[in-house]
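Text of start.pdb (PDB, C-alpha atoms) as supplied:
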ATOM      1  CA  MET C  24     -41.931  19.402  45.883
ATOM      2  CA  LEU C  25     -45.331  18.365  47.185
ATOM      3  CA  VAL C  26     -46.233  17.999  50.863
ATOM      4  CA  LEU C  27     -49.317  16.679  52.609
ATOM      5  CA  VAL C  28     -51.486  18.968  54.748
ATOM      6  CA  THR C  29     -54.368  17.820  56.915
ATOM      7  CA  VAL C  30     -57.693  19.040  55.534
ATOM      8  CA  GLY C  31     -60.227  17.037  57.540
ATOM      9  CA  ARG C  32     -61.278  14.063  59.600
ATOM     10  CA  ILE C  33     -63.981  11.731  58.347
ATOM     11  CA  GLY C  34     -66.941  11.421  60.673
ATOM     12  CA  ARG C  35     -69.988   9.199  60.693
ATOM     13  CA  ALA C  36     -71.878   8.039  57.638
ATOM     14  CA  HIS C  37     -74.814  10.141  56.472
ATOM     15  CA  GLY C  38     -77.708   8.274  54.900
ATOM     16  CA  ILE C  39     -77.403   5.019  52.967
ATOM     17  CA  LYS C  40     -75.638   6.127  49.765
ATOM     18  CA  GLY C  41     -72.070   6.352  51.084
ATOM     19  CA  GLU C  42     -71.849   9.988  52.144
ATOM     20  CA  VAL C  43     -69.779  10.880  55.212
ATOM     21  CA  GLY C  44     -69.625  13.956  57.382
ATOM     22  CA  VAL C  45     -66.225  15.634  57.432
ATOM     23  CA  ASP C  46     -64.792  17.609  60.345
ATOM     24  CA  VAL C  47     -63.139  20.303  58.229
ATOM     25  CA  ARG C  48     -59.555  21.262  59.132
ATOM     26  CA  THR C  49     -58.906  23.661  56.277
ATOM     27  CA  ASP C  50     -59.946  27.214  55.493
ATOM     28  CA  GLU C  51     -60.499  26.116  51.883
ATOM     29  CA  PRO C  52     -63.006  23.242  52.113
ATOM     30  CA  ASP C  53     -64.696  24.080  48.807
ATOM     31  CA  ARG C  54     -61.313  23.773  47.087
ATOM     32  CA  ARG C  55     -59.949  20.742  48.954
ATOM     33  CA  PHE C  56     -63.218  18.780  48.692
ATOM     34  CA  ALA C  57     -64.224  19.892  45.180
ATOM     35  CA  ASP C  58     -65.625  17.289  42.801
ATOM     36  CA  GLY C  59     -62.688  15.283  41.430
ATOM     37  CA  ALA C  60     -60.225  16.352  44.142
ATOM     38  CA  THR C  61     -58.082  13.627  45.657
ATOM     39  CA  VAL C  62     -57.286  13.298  49.348
ATOM     40  CA  VAL C  63     -55.076  10.737  51.065
ATOM     41  CA  THR C  64     -55.904   8.979  54.319
ATOM     42  CA  SER C  65     -53.254   9.021  57.019
ATOM     43  CA  ALA C  66     -53.875   5.398  58.007
ATOM     44  CA  LYS C  67     -51.164   2.741  58.419
ATOM     45  CA  VAL C  68     -51.819   1.909  54.781
ATOM     46  CA  PRO C  69     -52.622   5.249  53.128
ATOM     47  CA  ARG C  70     -55.467   5.228  50.645
ATOM     48  CA  ALA C  71     -56.241   7.808  47.972
ATOM     49  CA  LEU C  72     -59.889   8.885  47.893
ATOM     50  CA  THR C  73     -61.441  10.849  45.048
ATOM     51  CA  VAL C  74     -64.271  13.235  45.865
ATOM     52  CA  GLU C  75     -67.301  12.288  43.805
ATOM     53  CA  SER C  76     -69.432  15.074  45.254
ATOM     54  CA  SER C  77     -69.652  17.319  48.287
ATOM     55  CA  ARG C  78     -72.305  19.545  49.779
ATOM     56  CA  TRP C  79     -73.072  21.543  52.886
ATOM     57  CA  HIS C  80     -75.951  20.303  55.019
ATOM     58  CA  SER C  81     -76.954  21.989  58.296
ATOM     59  CA  GLY C  82     -73.508  23.585  58.653
ATOM     60  CA  ARG C  83     -71.692  20.280  58.081
ATOM     61  CA  LEU C  84     -69.726  19.183  55.020
ATOM     62  CA  LEU C  85     -70.974  15.935  53.513
ATOM     63  CA  VAL C  86     -68.680  14.156  51.060
ATOM     64  CA  LYS C  87     -69.279  11.206  48.744
ATOM     65  CA  PHE C  88     -66.080   9.452  47.723
ATOM     66  CA  ALA C  89     -65.790   7.388  44.534
ATOM     67  CA  GLY C  90     -65.802   3.672  45.295
ATOM     68  CA  VAL C  91     -67.754   4.100  48.535
ATOM     69  CA  PRO C  92     -71.194   2.876  47.438
ATOM     70  CA  ASP C  93     -73.106   2.551  50.688
ATOM     71  CA  ARG C  94     -73.333   3.232  54.410
ATOM     72  CA  THR C  95     -71.343   0.102  55.323
ATOM     73  CA  ALA C  96     -68.387   1.189  53.173
ATOM     74  CA  ALA C  97     -68.681   4.762  54.461
ATOM     75  CA  GLU C  98     -68.501   3.588  58.092
ATOM     76  CA  GLN C  99     -65.142   1.939  57.311
ATOM     77  CA  LEU C 100     -63.696   5.414  56.715
ATOM     78  CA  ARG C 101     -64.841   6.830  60.038
ATOM     79  CA  ASN C 102     -62.170   8.684  62.068
ATOM     80  CA  LEU C 103     -59.599   8.671  59.260
ATOM     81  CA  VAL C 104     -57.671  11.914  58.861
ATOM     82  CA  VAL C 105     -57.499  13.080  55.248
ATOM     83  CA  GLN C 106     -54.749  15.137  53.690
ATOM     84  CA  SER C 107     -54.237  17.022  50.422
ATOM     85  CA  GLU C 108     -51.034  17.340  48.445
ATOM     86  CA  ILE C 109     -49.907  20.915  47.985
ATOM     87  CA  ASP C 110     -46.761  22.573  46.731
ATOM     88  CA  GLU C 111     -44.409  23.235  49.647
ATOM     89  CA  ASP C 112     -44.196  26.916  48.659
ATOM     90  CA  GLU C 113     -47.988  27.368  48.618
ATOM     91  CA  ARG C 114     -49.402  29.719  51.243
ATOM     92  CA  PRO C 115     -52.996  30.396  52.281
ATOM     93  CA  GLU C 116     -54.557  33.434  50.607
ATOM     94  CA  ASP C 117     -55.183  35.219  53.925
ATOM     95  CA  PRO C 118     -51.889  36.586  55.340
ATOM     96  CA  ASP C 119     -53.101  35.818  58.899
ATOM     97  CA  GLU C 120     -53.512  32.090  58.145
ATOM     98  CA  TYR C 121     -50.801  29.449  58.295
ATOM     99  CA  TYR C 122     -50.353  25.788  57.565
ATOM    100  CA  ASP C 123     -49.502  23.671  60.604
ATOM    101  CA  ARG C 124     -46.155  22.733  59.043
ATOM    102  CA  GLU C 125     -45.170  26.419  59.007
ATOM    103  CA  LEU C 126     -45.744  26.766  62.758
ATOM    104  CA  ILE C 127     -44.164  23.534  63.970
ATOM    105  CA  GLY C 128     -40.552  24.198  64.913
ATOM    106  CA  LEU C 129     -40.942  27.936  65.527
ATOM    107  CA  ALA C 130     -39.036  29.302  68.516
ATOM    108  CA  VAL C 131     -41.282  30.631  71.281
ATOM    109  CA  ARG C 132     -40.420  33.873  73.073
ATOM    110  CA  THR C 133     -42.114  35.957  75.708
ATOM    111  CA  ALA C 134     -42.892  39.633  75.058
ATOM    112  CA  ASP C 135     -39.641  40.631  76.808
ATOM    113  CA  GLY C 136     -37.630  38.342  74.479
ATOM    114  CA  ALA C 137     -36.971  35.453  76.895
ATOM    115  CA  GLU C 138     -36.739  32.009  75.305
ATOM    116  CA  ALA C 139     -39.867  30.035  76.189
ATOM    117  CA  GLY C 140     -39.609  26.851  74.083
ATOM    118  CA  GLU C 141     -40.575  25.526  70.671
ATOM    119  CA  VAL C 142     -43.870  24.847  68.885
ATOM    120  CA  THR C 143     -44.175  21.059  68.527
ATOM    121  CA  ASP C 144     -47.747  20.701  67.270
ATOM    122  CA  VAL C 145     -50.954  22.520  66.392
ATOM    123  CA  VAL C 146     -54.054  21.039  68.024
ATOM    124  CA  HIS C 147     -57.347  21.710  66.247
ATOM    125  CA  LEU C 148     -60.432  21.906  68.433
ATOM    126  CA  PRO C 149     -63.942  22.927  67.363
ATOM    127  CA  SER C 150     -63.737  26.262  69.171
ATOM    128  CA  GLN C 151     -60.103  27.252  68.507
ATOM    129  CA  ASP C 152     -56.638  26.027  67.655
ATOM    130  CA  LEU C 153     -53.920  25.486  70.262
ATOM    131  CA  LEU C 154     -50.153  25.635  69.982
ATOM    132  CA  GLU C 155     -48.412  22.785  71.767
ATOM    133  CA  ILE C 156     -45.184  24.205  73.124
ATOM    134  CA  ARG C 157     -42.276  22.177  74.484
ATOM    135  CA  ARG C 158     -40.782  24.254  77.274
ATOM    136  CA  PRO C 159     -37.009  24.376  77.901
ATOM    137  CA  ALA C 160     -37.511  22.103  80.944
ATOM    138  CA  GLY C 161     -39.038  19.457  78.639
ATOM    139  CA  ASN C 162     -42.674  19.723  79.709
ATOM    140  CA  ALA C 163     -45.388  20.660  77.209
ATOM    141  CA  VAL C 164     -48.071  23.338  77.521
ATOM    142  CA  LEU C 165     -51.011  24.249  75.291
ATOM    143  CA  VAL C 166     -51.576  27.898  74.372
ATOM    144  CA  PRO C 167     -54.729  29.069  72.559
ATOM    145  CA  LEU C 168     -53.800  30.522  69.177
ATOM    146  CA  VAL C 169     -55.576  33.844  69.703
ATOM    147  CA  GLU C 170     -54.123  37.333  69.282
ATOM    148  CA  ALA C 171     -54.428  38.209  72.978
ATOM    149  CA  LEU C 172     -52.112  35.307  73.901
ATOM    150  CA  VAL C 173     -50.055  35.097  70.698
ATOM    151  CA  PRO C 174     -49.609  38.757  69.726
ATOM    152  CA  GLU C 175     -46.830  38.141  67.194
ATOM    153  CA  LEU C 176     -46.200  35.297  64.776
ATOM    154  CA  ASN C 177     -43.303  35.638  62.331
ATOM    155  CA  VAL C 178     -42.873  32.561  60.154
ATOM    156  CA  ASP C 179     -40.172  34.201  58.004
ATOM    157  CA  LYS C 180     -37.966  34.934  61.028
ATOM    158  CA  GLY C 181     -38.852  31.653  62.751
ATOM    159  CA  TYR C 182     -40.452  32.761  66.000
ATOM    160  CA  VAL C 183     -43.725  33.336  67.815
ATOM    161  CA  VAL C 184     -44.302  35.639  70.792
ATOM    162  CA  VAL C 185     -46.523  34.329  73.593
ATOM    163  CA  ALA C 186     -47.928  36.589  76.315
ATOM    164  CA  ASP C 187     -46.482  35.534  79.656
ATOM    165  CA  ARG C 188     -49.661  35.440  81.710
ATOM    166  CA  PRO C 189     -49.682  33.687  85.096
ATOM    167  CA  GLY C 190     -50.127  29.967  84.524
ATOM    168  CA  LEU C 191     -49.984  30.094  80.716
ATOM    169  CA  LEU C 192     -46.405  28.960  80.152
ATOM    170  CA  ASP C 193     -45.794  27.806  83.719
ATOM    171  CA  PRO C 194     -48.822  25.970  85.127
ATOM    172  CA  GLU C 195     -47.188  25.976  88.567
ATOM    173  CA  GLY C 196     -47.379  29.777  88.550
ATOM    174  CA  ALA C 197     -51.133  29.908  87.973
ATOM    175  CA  GLU C 198     -53.198  32.163  90.150
ATOM    176  CA  VAL C 199     -55.737  30.104  92.073
ATOM    177  CA  ALA C 200     -59.089  31.732  92.721
ATOM    178  CA  PRO C 201     -61.294  30.502  95.556
ATOM    179  CA  THR C 202     -64.134  28.285  94.352
ATOM    180  CA  GLU C 203     -66.335  28.401  97.453
ATOM    181  CA  PRO C 204     -68.280  31.515  98.402
ATOM    182  CA  GLY C 205     -66.573  33.331 101.265
ATOM    183  CA  ALA C 206     -63.312  31.359 100.928
ATOM    184  CA  ASP C 207     -60.177  33.500 100.823
TER     185      ASP C 207
END
Please render this file's structure as structure tokens.
Amino acid sequence: MLVLVTVGRIGRAHGIKGEVGVDVRTDEPDRRFADGATVVTSAKVPRALTVESSRWHSGRLLVKFAGVPDRTAAEQLRNLVVQSEIDEDERPEDPDEYYDRELIGLAVRTADGAEAGEVTDVVHLPSQDLLEIRRPAGNAVLVPLVEALVPELNVDKGYVVVADRPGLLDPEGAEVAPTEPGAD
């Protein structure tokens, strides 16, 4: 069975020949945006786009899609999220990488084994990824997906361990440091 995974978000047009910048959301951009590859937009009316060509320019991926002849057509694609079809059993090559769909639904525990909620989403930011966790009380918190805060992630057993630092899982319990010099 095939599933869709998010591989990028189309940015602004580049030049006048229909190229667009892509905010890459995959660890395999050269594979997902290879010449001839097909991606699907996640718009209200999904649209299949075939990669005509792609290249790296100043650290940014530029993609030319077939049927997008000029800047005006390229601008119509701006802000669309694009997805690739993959086999549901496919895994990234690196054992420390995961698809979002593998993380969503994992039980969240603290290091001492206490139930702390469930992963409901993975938020991709330029600097790092965040786990959105729905707490047992119903509120949501965001936890940076870094080893210091997420020391254990076990997809096969269905759980993730989150370090219980003050304010991380319970914003009300955050330590507040004085912001003015001399304030205690």
_So that I can check the surroundings of Pro115 (chain C), please list as a list in words every protein, DNA and RNA residue that reaches within 12 Å of it, counting all atoms listed in the file and ignoring chain neighbours fewer than 2 positions away._
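Residues meeting the cut-off are Val28, Thr49, Asp50, Glu51, Arg54, Ile109, Asp110, Glu111, Asp112, Glu113, Asp117, Pro118, Asp119, Glu120, Tyr121, Tyr122, Asp123 and Glu125 of chain C.
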*So which one's closest to Val47 (chain C), C:Asn177, C:Thr143, C:Ser81, C:Gln106? Using all atoms listed in the file, please.*
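Looking only at the distances to Val47 (chain C), the closest residue turns out to be C:Gln106.
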*Quick one: everything within 7 Å of region 181-190 of chain C, counting all atoms listed in the file, minus sequence neighbours fewer than 3 positions away in the same chain. Send it as a PyMOL selection string.*
chain C and resi 129-134+172-178+193-198
_Taking all atoms listed in the file into account, name the residue in C:Pro69, C:Gly34, C:Pro167, C:Gly161 that is nearest to Val146 (chain C)._
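Using all atoms listed in the file, the shortest distance to Val146 (chain C) belongs to C:Pro167.
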*May I ask for the distance between CA of Asn162 (chain C) and CA of Val145 (chain C), given in Å to one decimal place?*
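Taking CA of Asn162 (chain C) and CA of Val145 (chain C), their separation equals 15.9 Å.
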Could you get me a file of region 69-90 of chain C with N, CA, C and O atoms, as a PDB file, in the first residue's frame, taken from the block above?
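Output saved as out.pdb:
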ATOM      1  N   PRO C  69      -6.102  18.213  -5.103  1.00  0.00           N
ATOM      2  CA  PRO C  69      -4.715  17.800  -5.297  1.00  0.00           C
ATOM      3  C   PRO C  69      -4.331  17.790  -6.772  1.00  0.00           C
ATOM      4  O   PRO C  69      -5.149  17.507  -7.644  1.00  0.00           O
ATOM      5  N   ARG C  70      -3.084  18.102  -7.019  1.00  0.00           N
ATOM      6  CA  ARG C  70      -2.578  18.159  -8.390  1.00  0.00           C
ATOM      7  C   ARG C  70      -1.241  17.443  -8.429  1.00  0.00           C
ATOM      8  O   ARG C  70      -0.387  17.673  -7.574  1.00  0.00           O
ATOM      9  N   ALA C  71      -1.069  16.560  -9.400  1.00  0.00           N
ATOM     10  CA  ALA C  71       0.209  15.872  -9.571  1.00  0.00           C
ATOM     11  C   ALA C  71       1.138  16.774 -10.376  1.00  0.00           C
ATOM     12  O   ALA C  71       0.732  17.348 -11.389  1.00  0.00           O
ATOM     13  N   LEU C  72       2.368  16.920  -9.895  1.00  0.00           N
ATOM     14  CA  LEU C  72       3.382  17.715 -10.577  1.00  0.00           C
ATOM     15  C   LEU C  72       4.579  16.825 -10.877  1.00  0.00           C
ATOM     16  O   LEU C  72       5.044  16.095  -9.994  1.00  0.00           O
ATOM     17  N   THR C  73       5.063  16.886 -12.106  1.00  0.00           N
ATOM     18  CA  THR C  73       6.227  16.110 -12.496  1.00  0.00           C
ATOM     19  C   THR C  73       7.443  17.020 -12.532  1.00  0.00           C
ATOM     20  O   THR C  73       7.399  18.097 -13.133  1.00  0.00           O
ATOM     21  N   VAL C  74       8.509  16.589 -11.886  1.00  0.00           N
ATOM     22  CA  VAL C  74       9.745  17.369 -11.852  1.00  0.00           C
ATOM     23  C   VAL C  74      10.399  17.290 -13.225  1.00  0.00           C
ATOM     24  O   VAL C  74      10.730  16.214 -13.705  1.00  0.00           O
ATOM     25  N   GLU C  75      10.553  18.452 -13.845  1.00  0.00           N
ATOM     26  CA  GLU C  75      11.248  18.528 -15.126  1.00  0.00           C
ATOM     27  C   GLU C  75      12.753  18.610 -14.891  1.00  0.00           C
ATOM     28  O   GLU C  75      13.546  17.975 -15.578  1.00  0.00           O
ATOM     29  N   SER C  76      13.123  19.424 -13.897  1.00  0.00           N
ATOM     30  CA  SER C  76      14.535  19.531 -13.516  1.00  0.00           C
ATOM     31  C   SER C  76      14.612  20.117 -12.115  1.00  0.00           C
ATOM     32  O   SER C  76      13.667  20.743 -11.635  1.00  0.00           O
ATOM     33  N   SER C  77      15.748  19.902 -11.473  1.00  0.00           N
ATOM     34  CA  SER C  77      15.979  20.495 -10.159  1.00  0.00           C
ATOM     35  C   SER C  77      17.467  20.763 -10.020  1.00  0.00           C
ATOM     36  O   SER C  77      18.291  20.092 -10.648  1.00  0.00           O
ATOM     37  N   ARG C  78      17.778  21.770  -9.207  1.00  0.00           N
ATOM     38  CA  ARG C  78      19.175  22.120  -8.991  1.00  0.00           C
ATOM     39  C   ARG C  78      19.292  22.887  -7.682  1.00  0.00           C
ATOM     40  O   ARG C  78      18.337  23.478  -7.210  1.00  0.00           O
ATOM     41  N   TRP C  79      20.486  22.847  -7.123  1.00  0.00           N
ATOM     42  CA  TRP C  79      20.776  23.597  -5.910  1.00  0.00           C
ATOM     43  C   TRP C  79      21.385  24.924  -6.305  1.00  0.00           C
ATOM     44  O   TRP C  79      22.250  24.982  -7.171  1.00  0.00           O
ATOM     45  N   HIS C  80      20.911  25.998  -5.693  1.00  0.00           N
ATOM     46  CA  HIS C  80      21.421  27.333  -5.973  1.00  0.00           C
ATOM     47  C   HIS C  80      21.491  28.105  -4.663  1.00  0.00           C
ATOM     48  O   HIS C  80      20.471  28.323  -4.016  1.00  0.00           O
ATOM     49  N   SER C  81      22.705  28.461  -4.251  1.00  0.00           N
ATOM     50  CA  SER C  81      22.917  29.210  -3.002  1.00  0.00           C
ATOM     51  C   SER C  81      22.259  28.528  -1.804  1.00  0.00           C
ATOM     52  O   SER C  81      21.611  29.172  -0.989  1.00  0.00           O
ATOM     53  N   GLY C  82      22.393  27.200  -1.723  1.00  0.00           N
ATOM     54  CA  GLY C  82      21.855  26.452  -0.590  1.00  0.00           C
ATOM     55  C   GLY C  82      20.359  26.222  -0.638  1.00  0.00           C
ATOM     56  O   GLY C  82      19.769  25.741   0.325  1.00  0.00           O
ATOM     57  N   ARG C  83      19.724  26.551  -1.744  1.00  0.00           N
ATOM     58  CA  ARG C  83      18.266  26.421  -1.883  1.00  0.00           C
ATOM     59  C   ARG C  83      17.958  25.518  -3.067  1.00  0.00           C
ATOM     60  O   ARG C  83      18.603  25.610  -4.115  1.00  0.00           O
ATOM     61  N   LEU C  84      16.963  24.661  -2.932  1.00  0.00           N
ATOM     62  CA  LEU C  84      16.566  23.780  -4.022  1.00  0.00           C
ATOM     63  C   LEU C  84      15.611  24.525  -4.946  1.00  0.00           C
ATOM     64  O   LEU C  84      14.591  25.059  -4.503  1.00  0.00           O
ATOM     65  N   LEU C  85      15.977  24.565  -6.223  1.00  0.00           N
ATOM     66  CA  LEU C  85      15.115  25.156  -7.243  1.00  0.00           C
ATOM     67  C   LEU C  85      14.574  24.028  -8.104  1.00  0.00           C
ATOM     68  O   LEU C  85      15.327  23.150  -8.531  1.00  0.00           O
ATOM     69  N   VAL C  86      13.256  24.047  -8.341  1.00  0.00           N
ATOM     70  CA  VAL C  86      12.612  22.979  -9.097  1.00  0.00           C
ATOM     71  C   VAL C  86      11.798  23.582 -10.233  1.00  0.00           C
ATOM     72  O   VAL C  86      11.102  24.587 -10.052  1.00  0.00           O
ATOM     73  N   LYS C  87      11.886  22.949 -11.387  1.00  0.00           N
ATOM     74  CA  LYS C  87      11.071  23.305 -12.553  1.00  0.00           C
ATOM     75  C   LYS C  87      10.122  22.139 -12.770  1.00  0.00           C
ATOM     76  O   LYS C  87      10.550  21.000 -12.939  1.00  0.00           O
ATOM     77  N   PHE C  88       8.826  22.430 -12.696  1.00  0.00           N
ATOM     78  CA  PHE C  88       7.819  21.395 -12.911  1.00  0.00           C
ATOM     79  C   PHE C  88       7.318  21.445 -14.350  1.00  0.00           C
ATOM     80  O   PHE C  88       7.169  22.535 -14.929  1.00  0.00           O
ATOM     81  N   ALA C  89       7.043  20.281 -14.931  1.00  0.00           N
ATOM     82  CA  ALA C  89       6.486  20.209 -16.277  1.00  0.00           C
ATOM     83  C   ALA C  89       5.138  20.924 -16.288  1.00  0.00           C
ATOM     84  O   ALA C  89       4.367  20.819 -15.327  1.00  0.00           O
ATOM     85  N   GLY C  90       4.867  21.669 -17.338  1.00  0.00           N
ATOM     86  CA  GLY C  90       3.594  22.366 -17.448  1.00  0.00           C
ATOM     87  C   GLY C  90       3.543  23.693 -16.711  1.00  0.00           C
ATOM     88  O   GLY C  90       2.493  24.318 -16.619  1.00  0.00           O
TER      89      GLY C  90
END
